[in-house]
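Participant: There's a structure below that I have some questions on.
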Amino acid sequence: MTEAVERLTKKSEDSSKWYLQLVRMAKLADYGPVRGTFAIRPYGFAIWERIQQDLDARFKATGHQNAYFPLLIPESLLMKEAEHVEGFAPECAWVTMGGDDELEERLAIRPTSESIICDFYRKWIHSYRDLPVLINQWCNVLRWEMVTRPFLRTAEFLWQEGHTVHATAGEAREEALRMLNVYRDCFYEVLAIPVLTGMKSPSERFAGAVETFTCEGLMGDGRALQAATSHDLGQNFARAFDITFLDENQERVHPYQTSWGLSTRTIGALILVHGDDRGLRLPPKLAPTQAVVVPIWRGKNKGEVRREAEALHRELAEAGLRVEADLDEEHSPGWKFNEHELRGVPVRVELGPKDIEKGQAVLVRRDTGEKEFVERRAAARRLVELMDEIQKNMLRQAEAFRDENTRRAETYEEFKEIIEEKRGFVVAPWDGTEETEQRIKEDTKATIRLVPFEREEGKDLISGRPGKTAIFARAY
RNA sequence: CGGGACGUGGCGCAGUCUGGUAGCGCACUCGGCUGGGGGCCGAGUGGUCGCCGGUUCAAAUCCGGCCGUCCCGACCA
């Protein structure tokens, strides 16, 4: 066996290098000519499509409809909500020319669509009978980022943004929480990522929101990643954009809004949470290919093995599995094993002369590496079962990792030591002031990832003042 | 935007210090043998050495500027 040169760096050795190599070797994405732009290749996009399908069904099930709003936002519109401008203006890209002519007003390429959508909502909403408005849009957005990495932070990225309008504050709050739970369910059930949910601290809040809720995941290197957010916008945007309606009491009032989003960053989270030294590991519900049949033939019986492999492939496809048969004659079985492991295919099905003779097939799980021999007749049924087992096991593994890397800190010294040496989530009381939050950030580079919904009383580690639980980590 | 490193066929790199015919591995193409964990042999394709300028008989190599990428710090899904 010769040492392949294009080898994947070990995750533990240099996780950043590992990540970048994996993205390209697994053909998930490739760099574009403009900094921060990337092509999402078919394999990566197939993953995104599965996330889309799942989420979209959940949105529909909670009463939302899809729509599409313009890419270009006039500066004057973007400027209407003061905090919002402050948050997003620095990272806007502007269109200043139309053909050969300078535009009278420059146009932002949407960094997010609150402002342009509010402009329409002003026209569409007049009565309490028009509410609630429950709209989602799938689109791309652009943010002029300093530092970019494929999927995790790209200048242009794909996402969905939900924008809803409600008659009361209570309904809006309820909606924001409902969608947070939709995200959480999707992460647990489909992506097998055990995210924590909670609130953002005021300093980490979305620009213009009253409250921001978040799903935070813990990546394999012990750093946290904000995986989805849901915002209770209160009446901030309605006031700024002059959205009003006549309520049941004949009074003209501002409605309450929410917005919520999840982006292609999620694919980055998937890689970082489940990937290992051999490459990607995809949860079966998300894997574009759930099982791959690898025939093992020798010169004389190539024809027979090929026929059997094709038959098995058909059989598995008929059982509803997304299955692929790797009938390539150029590569050796060993090469194919490595290749499909790199791409994260959940199960490999080996079929060789010995197996055909014995009427069996060999199944090898990507999540554990375990190999099992099944009767050929039972292969499809066993695979269907395995998909479920692997999906559950991957979530369990990720949960175990998260739990092992969630620690309480009793003193500030302990806090610093954990962040420095072990990373992961640190649970500690916080007095709620920006002052201590800032101090921790300066000392340790850790930030408040979220404030849990259920909090314990305690004493702030820095100020000694009474505080309640917050969860800290170094973040992506 | 600050500190550091690096730009040489698609990918990973050597060559740069000490200027003198652009090299290696992988990938790719063709042929043959192979095939249960990245097979072997043979023959090929492909690079104005990031860009612009300067020094020189001669620049991948020396000098200047610019651009880009990666890592570390301030902002974000």
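Scheme for the structure tokens: letters A, B, ... for chains in order shown; per-chain residue numbers from 1; ligand numbers from 1 in order shown.
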Considering only C-alpha atoms (C1' of nucleotides), return as a PyMOL selection string whatever protein or nucleic-acid residues lie within 12 Å of G65 in chain B, sequence-local ones (same chain, fewer than 2 positions apart) excluded.
Facilitator: chain B and resi 51-54+63+67
Participant: Would you write out, as a Markdown table, a table of all residues in chain A that have an atom no more than 9 Å from an atom of chain B, listing for each the closest atom pair and the distance in Å to one decimal, considering only C-alpha atoms (C1' of nucleotides) and ordering rows by chain and rising residue number?
Facilitator:
| residue | atom | partner | partner_atom | distance |
| --- | --- | --- | --- | --- |
| A:Met1 | CA | B:G39 | C1' | 7.3 |
| A:Thr2 | CA | B:G38 | C1' | 7.8 |
| A:Glu3 | CA | B:G38 | C1' | 7.6 |
| A:Ala4 | CA | B:G38 | C1' | 6.0 |
| A:Val5 | CA | B:C26 | C1' | 5.8 |
| A:Glu6 | CA | B:C26 | C1' | 6.4 |
| A:Arg35 | CA | B:G68 | C1' | 8.5 |
| A:Glu91 | CA | B:C76 | C1' | 9.0 |
| A:Arg143 | CA | B:C76 | C1' | 8.6 |
| A:Glu145 | CA | B:C76 | C1' | 7.6 |
| A:Met146 | CA | B:C75 | C1' | 8.2 |
| A:Leu152 | CA | B:A77 | C1' | 8.2 |
| A:Arg153 | CA | B:A77 | C1' | 7.6 |
| A:Phe157 | CA | B:A77 | C1' | 8.7 |
| A:Trp159 | CA | B:A77 | C1' | 8.5 |
| A:Gln226 | CA | B:A77 | C1' | 7.2 |
| A:Ala227 | CA | B:A77 | C1' | 7.1 |
| A:Ala228 | CA | B:A77 | C1' | 6.9 |
| A:Thr229 | CA | B:A77 | C1' | 8.0 |
| A:Gly261 | CA | B:A77 | C1' | 7.7 |
| A:Leu262 | CA | B:A77 | C1' | 6.8 |
| A:Ser263 | CA | B:A77 | C1' | 6.0 |
| A:Thr264 | CA | B:A77 | C1' | 8.3 |
| A:Arg265 | CA | B:A77 | C1' | 6.6 |
| A:Thr266 | CA | B:A77 | C1' | 8.8 |
| A:Ile296 | CA | B:G36 | C1' | 6.7 |
| A:Trp297 | CA | B:G35 | C1' | 6.1 |
| A:Arg298 | CA | B:G35 | C1' | 5.7 |
| A:Gly299 | CA | B:G35 | C1' | 7.8 |
| A:Glu329 | CA | B:G35 | C1' | 8.9 |
| A:His331 | CA | B:G35 | C1' | 8.2 |
| A:Ser332 | CA | B:G35 | C1' | 5.5 |
| A:Pro333 | CA | B:G35 | C1' | 6.8 |
| A:Gly334 | CA | B:G37 | C1' | 4.3 |
| A:Trp335 | CA | B:G38 | C1' | 4.1 |
| A:Lys336 | CA | B:G38 | C1' | 7.7 |
| A:Phe337 | CA | B:G37 | C1' | 6.6 |
| A:Asn338 | CA | B:G38 | C1' | 6.3 |
| A:Glu339 | CA | B:G38 | C1' | 8.0 |
| A:Glu350 | CA | B:G36 | C1' | 8.4 |
| A:Leu351 | CA | B:G36 | C1' | 9.0 |
| A:Gly352 | CA | B:G36 | C1' | 7.2 |
| A:Lys354 | CA | B:G36 | C1' | 8.9 |
Participant: What's around Glu251 in chain A at 12 Å? Count only C-alpha atoms (C1' of nucleotides), leave out sequence neighbours fewer than 5 positions away in its own chain, and write the answer as a list in words.
Facilitator: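 My list of contacting residues is His126, Ser127, Tyr128, Ala167, Thr244, Phe245 and Leu246 of chain A.
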Participant: Please, could you write that set of residues out with all heavy atoms as a PDB file, in the first residue's frame?
Facilitator:
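Below is the file again.pdb, written as the result:
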ATOM      1  N   HIS A 126     -53.695  46.736   6.993  1.00  0.00           N
ATOM      2  CA  HIS A 126     -54.526  47.878   7.374  1.00  0.00           C
ATOM      3  C   HIS A 126     -55.461  47.569   8.523  1.00  0.00           C
ATOM      4  O   HIS A 126     -55.897  48.451   9.233  1.00  0.00           O
ATOM      5  CB  HIS A 126     -55.363  48.348   6.173  1.00  0.00           C
ATOM      6  CG  HIS A 126     -54.535  48.657   4.970  1.00  0.00           C
ATOM      7  ND1 HIS A 126     -54.417  47.800   3.896  1.00  0.00           N
ATOM      8  CD2 HIS A 126     -53.733  49.710   4.707  1.00  0.00           C
ATOM      9  CE1 HIS A 126     -53.594  48.315   3.003  1.00  0.00           C
ATOM     10  NE2 HIS A 126     -53.154  49.476   3.467  1.00  0.00           N
ATOM     11  N   SER A 127     -55.770  46.294   8.671  1.00  0.00           N
ATOM     12  CA  SER A 127     -56.795  45.894   9.630  1.00  0.00           C
ATOM     13  C   SER A 127     -56.339  44.702  10.447  1.00  0.00           C
ATOM     14  O   SER A 127     -55.478  43.936  10.004  1.00  0.00           O
ATOM     15  CB  SER A 127     -58.065  45.513   8.844  1.00  0.00           C
ATOM     16  OG  SER A 127     -58.840  44.583   9.573  1.00  0.00           O
ATOM     17  N   TYR A 128     -56.920  44.531  11.613  1.00  0.00           N
ATOM     18  CA  TYR A 128     -56.599  43.328  12.395  1.00  0.00           C
ATOM     19  C   TYR A 128     -56.967  42.080  11.626  1.00  0.00           C
ATOM     20  O   TYR A 128     -56.458  41.008  11.872  1.00  0.00           O
ATOM     21  CB  TYR A 128     -57.295  43.375  13.773  1.00  0.00           C
ATOM     22  CG  TYR A 128     -58.795  43.223  13.733  1.00  0.00           C
ATOM     23  CD1 TYR A 128     -59.384  41.961  13.832  1.00  0.00           C
ATOM     24  CD2 TYR A 128     -59.628  44.336  13.595  1.00  0.00           C
ATOM     25  CE1 TYR A 128     -60.774  41.816  13.790  1.00  0.00           C
ATOM     26  CE2 TYR A 128     -60.997  44.197  13.546  1.00  0.00           C
ATOM     27  CZ  TYR A 128     -61.578  42.937  13.638  1.00  0.00           C
ATOM     28  OH  TYR A 128     -62.929  42.787  13.591  1.00  0.00           O
ATOM     29  N   ALA A 167     -50.903  40.929  15.969  1.00  0.00           N
ATOM     30  CA  ALA A 167     -51.678  42.002  16.596  1.00  0.00           C
ATOM     31  C   ALA A 167     -51.196  42.325  18.004  1.00  0.00           C
ATOM     32  O   ALA A 167     -51.280  43.465  18.447  1.00  0.00           O
ATOM     33  CB  ALA A 167     -53.158  41.609  16.621  1.00  0.00           C
ATOM     34  N   THR A 244     -49.212  50.309  10.490  1.00  0.00           N
ATOM     35  CA  THR A 244     -50.295  50.421  11.485  1.00  0.00           C
ATOM     36  C   THR A 244     -51.500  49.634  11.011  1.00  0.00           C
ATOM     37  O   THR A 244     -51.618  49.298   9.831  1.00  0.00           O
ATOM     38  CB  THR A 244     -50.755  51.882  11.665  1.00  0.00           C
ATOM     39  OG1 THR A 244     -51.248  52.355  10.404  1.00  0.00           O
ATOM     40  CG2 THR A 244     -49.629  52.781  12.141  1.00  0.00           C
ATOM     41  N   PHE A 245     -52.378  49.301  11.968  1.00  0.00           N
ATOM     42  CA  PHE A 245     -53.641  48.661  11.598  1.00  0.00           C
ATOM     43  C   PHE A 245     -54.718  49.120  12.580  1.00  0.00           C
ATOM     44  O   PHE A 245     -54.437  49.588  13.683  1.00  0.00           O
ATOM     45  CB  PHE A 245     -53.502  47.138  11.589  1.00  0.00           C
ATOM     46  CG  PHE A 245     -53.336  46.525  12.952  1.00  0.00           C
ATOM     47  CD1 PHE A 245     -54.421  45.942  13.604  1.00  0.00           C
ATOM     48  CD2 PHE A 245     -52.099  46.530  13.584  1.00  0.00           C
ATOM     49  CE1 PHE A 245     -54.272  45.360  14.857  1.00  0.00           C
ATOM     50  CE2 PHE A 245     -51.940  45.956  14.844  1.00  0.00           C
ATOM     51  CZ  PHE A 245     -53.015  45.372  15.475  1.00  0.00           C
ATOM     52  N   LEU A 246     -55.942  48.961  12.143  1.00  0.00           N
ATOM     53  CA  LEU A 246     -57.084  49.316  12.984  1.00  0.00           C
ATOM     54  C   LEU A 246     -57.495  48.067  13.745  1.00  0.00           C
ATOM     55  O   LEU A 246     -57.813  47.043  13.149  1.00  0.00           O
ATOM     56  CB  LEU A 246     -58.231  49.790  12.073  1.00  0.00           C
ATOM     57  CG  LEU A 246     -59.066  51.012  12.492  1.00  0.00           C
ATOM     58  CD1 LEU A 246     -58.158  52.165  12.946  1.00  0.00           C
ATOM     59  CD2 LEU A 246     -59.946  51.446  11.330  1.00  0.00           C
TER      60      LEU A 246
END
Participant: From the list A:Lys371, A:Arg110, A:Lys468, A:Arg343, which residue is nearest Asp277 in chain A when using only C-alpha atoms?
Facilitator: A:Arg343
Participant: Extract, using only C-alpha atoms (C1' of nucleotides), all DNA, RNA and protein residues at most 12 Å from Glu434 in chain A, discarding same-chain residues fewer than 2 positions from it, and format them as a list in words.
Facilitator: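 So, after excluding close chain neighbours, the residues are Ser201, Pro202, Ser203, Glu204, Trp430, Asp431, Gly432, Thr436, Glu437, Gln438, Arg439, Ile440, Lys441, Thr447, Ile448 and Ser463 of chain A.
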Participant: May I have the selected residues written with all heavy atoms, as a short mmCIF file (atom, residue, chain, number, x, y, z; two decimals), in the first residue's frame?
Facilitator:
data_model
loop_
_atom_site.label_atom_id
_atom_site.label_comp_id
_atom_site.auth_asym_id
_atom_site.auth_seq_id
_atom_site.Cartn_x
_atom_site.Cartn_y
_atom_site.Cartn_z
N SER A 201 -27.77 37.71 25.17
CA SER A 201 -27.61 38.86 26.07
C SER A 201 -27.87 40.11 25.23
O SER A 201 -27.76 40.06 24.01
CB SER A 201 -26.21 38.88 26.66
OG SER A 201 -25.28 39.18 25.65
N PRO A 202 -28.22 41.23 25.87
CA PRO A 202 -28.53 42.44 25.09
C PRO A 202 -27.44 42.81 24.09
O PRO A 202 -27.74 43.22 22.97
CB PRO A 202 -28.66 43.51 26.18
CG PRO A 202 -29.12 42.76 27.38
CD PRO A 202 -28.45 41.42 27.31
N SER A 203 -26.19 42.62 24.45
CA SER A 203 -25.11 43.03 23.54
C SER A 203 -25.02 42.13 22.30
O SER A 203 -24.46 42.53 21.29
CB SER A 203 -23.78 43.03 24.27
OG SER A 203 -23.37 41.71 24.53
N GLU A 204 -25.56 40.94 22.40
CA GLU A 204 -25.48 40.01 21.26
C GLU A 204 -26.79 39.96 20.48
O GLU A 204 -26.94 39.18 19.55
CB GLU A 204 -25.14 38.60 21.76
CG GLU A 204 -23.83 38.48 22.50
CD GLU A 204 -22.69 37.97 21.61
OE1 GLU A 204 -22.97 37.24 20.65
OE2 GLU A 204 -21.54 38.33 21.87
N TRP A 430 -24.30 34.99 36.23
CA TRP A 430 -23.94 36.28 35.62
C TRP A 430 -24.87 37.33 36.20
O TRP A 430 -26.08 37.10 36.34
CB TRP A 430 -24.11 36.17 34.10
CG TRP A 430 -23.96 37.47 33.36
CD1 TRP A 430 -22.94 38.36 33.46
CD2 TRP A 430 -24.88 38.02 32.38
NE1 TRP A 430 -23.14 39.41 32.61
CE2 TRP A 430 -24.32 39.23 31.94
CE3 TRP A 430 -26.10 37.59 31.85
CZ2 TRP A 430 -24.94 40.04 30.99
CZ3 TRP A 430 -26.72 38.39 30.90
CH2 TRP A 430 -26.14 39.59 30.47
N ASP A 431 -24.29 38.46 36.54
CA ASP A 431 -25.09 39.50 37.20
C ASP A 431 -25.93 40.33 36.23
O ASP A 431 -26.62 41.26 36.63
CB ASP A 431 -24.20 40.41 38.06
CG ASP A 431 -23.23 41.23 37.22
OD1 ASP A 431 -23.35 41.22 35.97
OD2 ASP A 431 -22.35 41.88 37.81
N GLY A 432 -25.83 40.01 34.94
CA GLY A 432 -26.68 40.68 33.97
C GLY A 432 -26.14 42.00 33.45
O GLY A 432 -26.78 42.65 32.63
N THR A 436 -19.53 43.07 33.24
CA THR A 436 -18.88 41.78 33.51
C THR A 436 -18.77 40.95 32.24
O THR A 436 -17.78 40.27 32.01
CB THR A 436 -19.67 40.98 34.57
OG1 THR A 436 -21.02 40.85 34.14
CG2 THR A 436 -19.65 41.67 35.91
N GLU A 437 -19.78 41.06 31.41
CA GLU A 437 -19.77 40.35 30.14
C GLU A 437 -18.55 40.77 29.31
O GLU A 437 -17.83 39.95 28.74
CB GLU A 437 -21.07 40.68 29.38
CG GLU A 437 -21.27 39.94 28.09
CD GLU A 437 -22.54 40.40 27.36
OE1 GLU A 437 -23.16 41.42 27.77
OE2 GLU A 437 -22.92 39.75 26.39
N GLN A 438 -18.33 42.07 29.28
CA GLN A 438 -17.23 42.64 28.52
C GLN A 438 -15.88 42.22 29.10
O GLN A 438 -14.94 41.88 28.37
CB GLN A 438 -17.36 44.18 28.53
CG GLN A 438 -16.47 44.90 27.53
CD GLN A 438 -16.71 44.43 26.10
OE1 GLN A 438 -17.82 44.13 25.70
NE2 GLN A 438 -15.62 44.32 25.33
N ARG A 439 -15.81 42.25 30.41
CA ARG A 439 -14.58 41.89 31.11
C ARG A 439 -14.19 40.45 30.79
O ARG A 439 -13.03 40.14 30.49
CB ARG A 439 -14.81 42.08 32.62
CG ARG A 439 -13.82 41.43 33.53
CD ARG A 439 -12.57 42.28 33.71
NE ARG A 439 -11.60 41.55 34.51
CZ ARG A 439 -11.65 41.43 35.83
NH1 ARG A 439 -12.58 42.06 36.52
NH2 ARG A 439 -10.73 40.72 36.47
N ILE A 440 -15.16 39.56 30.80
CA ILE A 440 -14.91 38.16 30.50
C ILE A 440 -14.42 38.00 29.07
O ILE A 440 -13.48 37.27 28.79
CB ILE A 440 -16.19 37.31 30.74
CG1 ILE A 440 -16.43 37.18 32.24
CG2 ILE A 440 -16.08 35.94 30.09
CD1 ILE A 440 -17.74 36.54 32.62
N LYS A 441 -15.04 38.75 28.19
CA LYS A 441 -14.65 38.68 26.79
C LYS A 441 -13.19 39.12 26.61
O LYS A 441 -12.42 38.49 25.88
CB LYS A 441 -15.57 39.57 25.96
CG LYS A 441 -15.40 39.41 24.47
CD LYS A 441 -16.48 40.16 23.72
CE LYS A 441 -16.31 39.99 22.23
NZ LYS A 441 -17.37 40.68 21.48
N THR A 447 -17.66 34.46 25.16
CA THR A 447 -18.82 35.34 25.18
C THR A 447 -20.01 34.57 25.74
O THR A 447 -19.97 33.35 25.83
CB THR A 447 -19.17 35.81 23.75
OG1 THR A 447 -19.22 34.68 22.89
CG2 THR A 447 -18.14 36.78 23.23
N ILE A 448 -21.03 35.32 26.10
CA ILE A 448 -22.25 34.66 26.54
C ILE A 448 -22.93 34.10 25.31
O ILE A 448 -23.32 34.84 24.43
CB ILE A 448 -23.19 35.65 27.26
CG1 ILE A 448 -22.52 36.16 28.53
CG2 ILE A 448 -24.54 34.98 27.57
CD1 ILE A 448 -23.35 37.16 29.30
N SER A 463 -18.14 40.11 39.82
CA SER A 463 -18.60 41.21 40.67
C SER A 463 -19.06 40.72 42.05
O SER A 463 -19.14 41.52 42.98
CB SER A 463 -19.77 41.93 39.99
OG SER A 463 -20.91 41.09 39.97
#
Participant: Find the residue from A:Arg474, A:Arg252, A:Arg50, A:Lys27 that sits nearest to Asp443 in chain A; use only C-alpha atoms when measuring.
Facilitator: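 Closest to Asp443 in chain A, using only C-alpha atoms: A:Arg474.
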Participant: Run DSSP on the backbone and grab whatever in range 32-160 of chain A lands in strand (DSSP E); send it over as a PDB file with N, CA and C atoms, in the first residue's frame.
Facilitator:
ATOM      1  N   PHE A  38     -18.267  31.641  -2.690  1.00  0.00           N
ATOM      2  CA  PHE A  38     -18.006  30.221  -2.868  1.00  0.00           C
ATOM      3  C   PHE A  38     -19.075  29.615  -3.743  1.00  0.00           C
ATOM      4  N   ALA A  39     -18.672  28.613  -4.511  1.00  0.00           N
ATOM      5  CA  ALA A  39     -19.668  27.801  -5.194  1.00  0.00           C
ATOM      6  C   ALA A  39     -20.003  26.664  -4.257  1.00  0.00           C
ATOM      7  N   ILE A  40     -21.270  26.387  -4.093  1.00  0.00           N
ATOM      8  CA  ILE A  40     -21.673  25.196  -3.362  1.00  0.00           C
ATOM      9  C   ILE A  40     -21.836  24.123  -4.425  1.00  0.00           C
ATOM     10  N   GLN A  65     -46.228  30.792   4.703  1.00  0.00           N
ATOM     11  CA  GLN A  65     -46.189  30.703   3.243  1.00  0.00           C
ATOM     12  C   GLN A  65     -44.884  31.309   2.753  1.00  0.00           C
ATOM     13  N   ASN A  66     -44.443  30.835   1.597  1.00  0.00           N
ATOM     14  CA  ASN A  66     -43.237  31.409   1.013  1.00  0.00           C
ATOM     15  C   ASN A  66     -43.566  32.556   0.081  1.00  0.00           C
ATOM     16  N   LEU A  72     -32.481  44.375  -3.940  1.00  0.00           N
ATOM     17  CA  LEU A  72     -31.900  45.707  -3.752  1.00  0.00           C
ATOM     18  C   LEU A  72     -32.744  46.554  -2.803  1.00  0.00           C
ATOM     19  N   ILE A  73     -32.069  47.184  -1.862  1.00  0.00           N
ATOM     20  CA  ILE A  73     -32.756  47.987  -0.869  1.00  0.00           C
ATOM     21  C   ILE A  73     -32.235  49.423  -0.927  1.00  0.00           C
ATOM     22  N   PRO A  74     -33.117  50.383  -1.218  1.00  0.00           N
ATOM     23  CA  PRO A  74     -32.677  51.782  -1.266  1.00  0.00           C
ATOM     24  C   PRO A  74     -32.107  52.191   0.099  1.00  0.00           C
ATOM     25  N   ALA A  93     -22.863  45.869   0.934  1.00  0.00           N
ATOM     26  CA  ALA A  93     -22.270  46.153  -0.374  1.00  0.00           C
ATOM     27  C   ALA A  93     -23.289  47.019  -1.091  1.00  0.00           C
ATOM     28  N   TRP A  94     -22.808  48.044  -1.814  1.00  0.00           N
ATOM     29  CA  TRP A  94     -23.715  49.009  -2.432  1.00  0.00           C
ATOM     30  C   TRP A  94     -23.635  48.997  -3.937  1.00  0.00           C
ATOM     31  N   VAL A  95     -24.779  49.125  -4.561  1.00  0.00           N
ATOM     32  CA  VAL A  95     -24.826  49.310  -6.008  1.00  0.00           C
ATOM     33  C   VAL A  95     -24.965  50.804  -6.243  1.00  0.00           C
ATOM     34  N   THR A  96     -24.027  51.377  -6.990  1.00  0.00           N
ATOM     35  CA  THR A  96     -24.041  52.834  -7.194  1.00  0.00           C
ATOM     36  C   THR A  96     -24.210  53.199  -8.663  1.00  0.00           C
ATOM     37  N   MET A  97     -24.085  52.214  -9.546  1.00  0.00           N
ATOM     38  CA  MET A  97     -24.201  52.506 -10.970  1.00  0.00           C
ATOM     39  C   MET A  97     -25.316  51.666 -11.570  1.00  0.00           C
ATOM     40  N   GLY A  98     -26.044  52.272 -12.536  1.00  0.00           N
ATOM     41  CA  GLY A  98     -26.995  51.513 -13.342  1.00  0.00           C
ATOM     42  C   GLY A  98     -26.542  51.707 -14.775  1.00  0.00           C
ATOM     43  N   ASP A 101     -24.665  55.038 -15.804  1.00  0.00           N
ATOM     44  CA  ASP A 101     -25.055  56.212 -15.025  1.00  0.00           C
ATOM     45  C   ASP A 101     -24.992  55.991 -13.529  1.00  0.00           C
ATOM     46  N   GLU A 102     -24.523  56.998 -12.854  1.00  0.00           N
ATOM     47  CA  GLU A 102     -24.509  56.986 -11.402  1.00  0.00           C
ATOM     48  C   GLU A 102     -25.960  57.064 -10.920  1.00  0.00           C
ATOM     49  N   LEU A 103     -26.307  56.247  -9.933  1.00  0.00           N
ATOM     50  CA  LEU A 103     -27.672  56.274  -9.420  1.00  0.00           C
ATOM     51  C   LEU A 103     -27.876  57.469  -8.496  1.00  0.00           C
ATOM     52  N   GLU A 104     -29.108  57.945  -8.425  1.00  0.00           N
ATOM     53  CA  GLU A 104     -29.397  59.065  -7.532  1.00  0.00           C
ATOM     54  C   GLU A 104     -29.286  58.639  -6.082  1.00  0.00           C
ATOM     55  N   GLU A 105     -29.731  57.397  -5.844  1.00  0.00           N
ATOM     56  CA  GLU A 105     -29.628  56.877  -4.486  1.00  0.00           C
ATOM     57  C   GLU A 105     -28.959  55.514  -4.563  1.00  0.00           C
ATOM     58  N   ARG A 106     -27.993  55.301  -3.693  1.00  0.00           N
ATOM     59  CA  ARG A 106     -27.334  54.000  -3.779  1.00  0.00           C
ATOM     60  C   ARG A 106     -28.226  52.916  -3.184  1.00  0.00           C
ATOM     61  N   LEU A 107     -28.004  51.691  -3.657  1.00  0.00           N
ATOM     62  CA  LEU A 107     -28.854  50.571  -3.283  1.00  0.00           C
ATOM     63  C   LEU A 107     -28.024  49.513  -2.583  1.00  0.00           C
ATOM     64  N   ALA A 108     -28.492  49.105  -1.414  1.00  0.00           N
ATOM     65  CA  ALA A 108     -27.791  48.038  -0.700  1.00  0.00           C
ATOM     66  C   ALA A 108     -28.225  46.700  -1.261  1.00  0.00           C
ATOM     67  N   ILE A 109     -27.269  45.796  -1.387  1.00  0.00           N
ATOM     68  CA  ILE A 109     -27.626  44.416  -1.672  1.00  0.00           C
ATOM     69  C   ILE A 109     -28.006  43.825  -0.321  1.00  0.00           C
ATOM     70  N   VAL A 133     -49.588  38.014   9.645  1.00  0.00           N
ATOM     71  CA  VAL A 133     -48.903  37.760   8.371  1.00  0.00           C
ATOM     72  C   VAL A 133     -47.773  36.791   8.685  1.00  0.00           C
ATOM     73  N   LEU A 134     -47.790  35.664   8.002  1.00  0.00           N
ATOM     74  CA  LEU A 134     -46.785  34.626   8.283  1.00  0.00           C
ATOM     75  C   LEU A 134     -46.066  34.263   6.990  1.00  0.00           C
ATOM     76  N   ILE A 135     -44.969  34.989   6.713  1.00  0.00           N
ATOM     77  CA  ILE A 135     -44.278  34.795   5.439  1.00  0.00           C
ATOM     78  C   ILE A 135     -42.815  34.430   5.661  1.00  0.00           C
ATOM     79  N   ASN A 136     -42.358  33.546   4.779  1.00  0.00           N
ATOM     80  CA  ASN A 136     -40.960  33.141   4.798  1.00  0.00           C
ATOM     81  C   ASN A 136     -40.384  33.354   3.404  1.00  0.00           C
ATOM     82  N   GLN A 137     -39.084  33.669   3.331  1.00  0.00           N
ATOM     83  CA  GLN A 137     -38.456  33.706   2.011  1.00  0.00           C
ATOM     84  C   GLN A 137     -37.138  32.951   2.047  1.00  0.00           C
ATOM     85  N   TRP A 138     -36.913  32.157   0.986  1.00  0.00           N
ATOM     86  CA  TRP A 138     -35.629  31.482   0.768  1.00  0.00           C
ATOM     87  C   TRP A 138     -34.857  32.359  -0.190  1.00  0.00           C
ATOM     88  N   CYS A 139     -33.652  32.758   0.172  1.00  0.00           N
ATOM     89  CA  CYS A 139     -32.910  33.643  -0.723  1.00  0.00           C
ATOM     90  C   CYS A 139     -31.430  33.665  -0.370  1.00  0.00           C
ATOM     91  N   ASN A 140     -30.710  34.508  -1.085  1.00  0.00           N
ATOM     92  CA  ASN A 140     -29.313  34.754  -0.749  1.00  0.00           C
ATOM     93  C   ASN A 140     -29.198  36.134  -0.134  1.00  0.00           C
ATOM     94  N   VAL A 141     -28.221  36.348   0.700  1.00  0.00           N
ATOM     95  CA  VAL A 141     -27.935  37.678   1.236  1.00  0.00           C
ATOM     96  C   VAL A 141     -26.437  37.907   1.160  1.00  0.00           C
ATOM     97  N   LEU A 142     -26.039  39.171   1.316  1.00  0.00           N
ATOM     98  CA  LEU A 142     -24.625  39.518   1.150  1.00  0.00           C
ATOM     99  C   LEU A 142     -24.160  40.396   2.303  1.00  0.00           C
ATOM    100  N   GLU A 156     -21.489  36.032   0.599  1.00  0.00           N
ATOM    101  CA  GLU A 156     -22.842  35.715   0.157  1.00  0.00           C
ATOM    102  C   GLU A 156     -23.210  34.374   0.760  1.00  0.00           C
ATOM    103  N   PHE A 157     -24.414  34.278   1.310  1.00  0.00           N
ATOM    104  CA  PHE A 157     -24.845  32.967   1.759  1.00  0.00           C
ATOM    105  C   PHE A 157     -26.333  32.758   1.494  1.00  0.00           C
ATOM    106  N   LEU A 158     -26.742  31.512   1.510  1.00  0.00           N
ATOM    107  CA  LEU A 158     -28.145  31.166   1.303  1.00  0.00           C
ATOM    108  C   LEU A 158     -28.779  30.971   2.674  1.00  0.00           C
ATOM    109  N   TRP A 159     -30.016  31.389   2.776  1.00  0.00           N
ATOM    110  CA  TRP A 159     -30.714  31.150   4.027  1.00  0.00           C
ATOM    111  C   TRP A 159     -32.205  31.230   3.793  1.00  0.00           C
ATOM    112  N   GLN A 160     -32.951  31.134   4.876  1.00  0.00           N
ATOM    113  CA  GLN A 160     -34.359  31.468   4.841  1.00  0.00           C
ATOM    114  C   GLN A 160     -34.559  32.500   5.924  1.00  0.00           C
TER     115      GLN A 160
END
Participant: Using only C-alpha atoms (C1' of nucleotides), which protein or nucleic acid residues come within 9 Å of Glu114 in chain A? Drop anything in the same chain fewer than 2 positions from it, and give the result as a list in words.
Facilitator: Leu78, Thr112, Ile116, Ile117, Cys118, Asp119, His163, Phe237 and Ser259 of chain A
Participant: Deliver the residues from the most recent selection as a file, using C-alpha atoms, as a short mmCIF file (atom, residue, chain, number, x, y, z; two decimals), in the first residue's frame.
Facilitator:
data_model
loop_
_atom_site.label_atom_id
_atom_site.label_comp_id
_atom_site.auth_asym_id
_atom_site.auth_seq_id
_atom_site.Cartn_x
_atom_site.Cartn_y
_atom_site.Cartn_z
CA LEU A 78 -32.41 50.67 5.22
CA THR A 112 -31.17 40.81 5.60
CA ILE A 116 -37.57 46.02 2.43
CA ILE A 117 -40.21 43.64 3.73
CA CYS A 118 -41.54 46.22 6.19
CA ASP A 119 -41.93 48.58 3.27
CA HIS A 163 -40.98 37.69 8.74
CA PHE A 237 -39.77 48.13 13.00
CA SER A 259 -38.01 37.43 12.16
#
